[in-house]
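Trainee: Structure below; questions to follow.
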Amino acid sequence: MNTLIQATLLFFICILNTYASDFHSPRTAALGGAGHAGPILNDAIYLNPSYVSFLPSYSLAFNFQWFDGGGTLPSGESELHGRTWNLSIQDGRSELFQAGAAYTHRDNGNFIHVGASKAVVNRMGLGLGWKFFRPLDGSRAGIHDAIFSTTVLAASWLQVVGIVDNLFESEEGRRYGLYREFILGAKANVMGIALIYFDPHHTPNLPEGAWGHELGIEFTPYTDFFIRFGNFRNAALPHLDQLRGHGYGFGLGWISPRISFDYGLSRVLSGPAYTVHSAGATLYF
């Protein structure tokens with residue numbers, strides 16, 4: 001119990017201080033963008049494709065996200081508000097390899113993600129993902145990029161990952177926030193009561209500063225109910241390209257034998273402050 005108390009105190013000390021994927025489910029948003037080392041179900045498609053090999057189920061997910069704020073974009077164009085919806089499917093049972101695909105509609109464009117993985121040994125997986133982004137302004141061609149990841153189940157209570165997102169980092173991609181990013185992720189299970197996620201990352205070509213992090217904690221007071229907190233610093237905001245920020249997250253989740261429901265709130269504090277709400281459901285079998 002002392003270990004749990006110390007870990008909790010450390011978390012709340014740090015929260016007084018990154019989003020590193022193109023889409024955040026309600027669970028990811030609640031954890032402040034953290035969770036690369038242990039994405040649940042279809043979150044693996046965006047956060048860490050190599051983890052699909054450790055999720056032996058078929059799953060179908062739908063998520064909806066909306067945000068509003070009292071400020072304006074740095075260009076002064078319009079008040080902050082927007083909508084995002086997402087549909088994904090994942091097959092973690094195939095014997096040859098495991099894979100998933102997703103479609104995401106944002107106000108500024110549409111994303112297609114495809115990820116595949118294979119467990120090379122029982123406790124290690126390799127994954128590769130492809131992404132395609134089509135801006136809705138009609139002024140530019142579609143943008144292609146990729147993500148590579150590896151997951152190691154280091155111990156019964158610890159998982160670690162290494163990820164390179166936006167492997168090719170084109171000039172066009174940078175205009176929409178698609179910078180090459182190196183991510184280390186860790187997930188620690190504290191006495192079966194709490195899961196702690198810590199994801200520092202390095203973005204070499206980012207003008208605002210290369211280092212950032214995501215930090216989250218997930219409590220399980222009951223086997224089917226989750227309470228989540230998170231924070232992020234110098235993070236890419238997946239609903240607003242070209243912007244980085246810091247803030248915090250909060251959310252709840254409930255899971256049954258065949259379906260899960262999740263809600264996440266993300267509060268961005270840097271620049272024009274605003275709040276993002278996310279809700280979603282996942283069917284799995």
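So you can find residues: chains in the structure tokens are A, B, ... in the order shown, residues in each start at 1, and ligands are numbered from 1 in order.
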Apply DSSP to the structure's backbone, then extract all residues of stretch 161-195 of chain A labelled strand (DSSP E or B) and return them as a count of residues only.
Mentor: 17
Trainee: Neighbouring residues of A:Gly142 were defined as those with any atom within 8 Å, considering only C-alpha atoms; residues of the same chain fewer than 3 positions away were excluded. Please report them as a PyMOL selection string.
Mentor: chain A and resi 132-135
Trainee: With N, CA, C and O atoms retained, export the selected residues as a CSV table (one decimal), in the first residue's frame.
Mentor:
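Okay, this is what ended up in result.csv:
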```csv
chain,number,residue,atom,x,y,z
A,132,PHE,N,-2.6,7.9,-43.7
A,132,PHE,CA,-2.9,8.8,-44.8
A,132,PHE,C,-3.8,9.9,-44.4
A,132,PHE,O,-4.8,9.7,-43.8
A,133,PHE,N,-3.4,11.2,-44.6
A,133,PHE,CA,-4.1,12.3,-44.2
A,133,PHE,C,-4.5,13.2,-45.5
A,133,PHE,O,-3.6,13.5,-46.3
A,134,ARG,N,-5.8,13.4,-45.6
A,134,ARG,CA,-6.3,14.2,-46.7
A,134,ARG,C,-6.9,15.5,-46.2
A,134,ARG,O,-7.9,15.5,-45.6
A,135,PRO,N,-6.2,16.7,-46.4
A,135,PRO,CA,-6.7,18.0,-45.9
A,135,PRO,C,-8.0,18.3,-46.7
A,135,PRO,O,-8.2,17.9,-47.8
```
Trainee: Find the residues near A:Leu167: any atom within 8 Å, counting only C-alpha atoms, skip ones fewer than 6 places away on the same chain, and give them as a short mmCIF file (atom, residue, chain, number, x, y, z; two decimals) with N, CA and C atoms, in the first residue's frame.
Mentor:
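Writing the result to part-v3.cif gives the following:
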```
data_model
loop_
_atom_site.label_atom_id
_atom_site.label_comp_id
_atom_site.auth_asym_id
_atom_site.auth_seq_id
_atom_site.Cartn_x
_atom_site.Cartn_y
_atom_site.Cartn_z
N ASP A 145 2.50 8.75 -44.24
CA ASP A 145 3.59 8.59 -43.28
C ASP A 145 3.43 7.24 -42.60
N ALA A 146 4.30 6.96 -41.60
CA ALA A 146 4.30 5.63 -40.99
C ALA A 146 4.72 5.73 -39.53
N ILE A 147 4.47 4.64 -38.79
CA ILE A 147 4.87 4.52 -37.39
C ILE A 147 5.45 3.13 -37.17
N PHE A 148 6.54 3.06 -36.42
CA PHE A 148 7.15 1.77 -36.05
C PHE A 148 7.18 1.68 -34.53
N ARG A 180 8.34 14.07 -36.86
CA ARG A 180 8.91 12.81 -36.39
C ARG A 180 9.08 12.88 -34.88
N GLU A 181 8.65 11.82 -34.20
CA GLU A 181 8.66 11.82 -32.74
C GLU A 181 9.14 10.48 -32.22
#
```
Trainee: Can you list, as a VMD selection string, every protein, DNA or RNA residue that comes within 12 Å of A:Ser59 when you count only C-alpha atoms, leaving out same-chain residues fewer than 2 positions away?
Mentor: chain A and resid 40 to 45 52 55 to 57 61 to 62 87 to 93 99 to 102 258 to 260 281 to 285
Trainee: Work out how far atom CA of A:Tyr197 is from atom CA of A:Pro221, in Å to one decimal.
Mentor: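 Taking atom CA of A:Pro221 and atom CA of A:Tyr197, their separation equals 17.5 Å.
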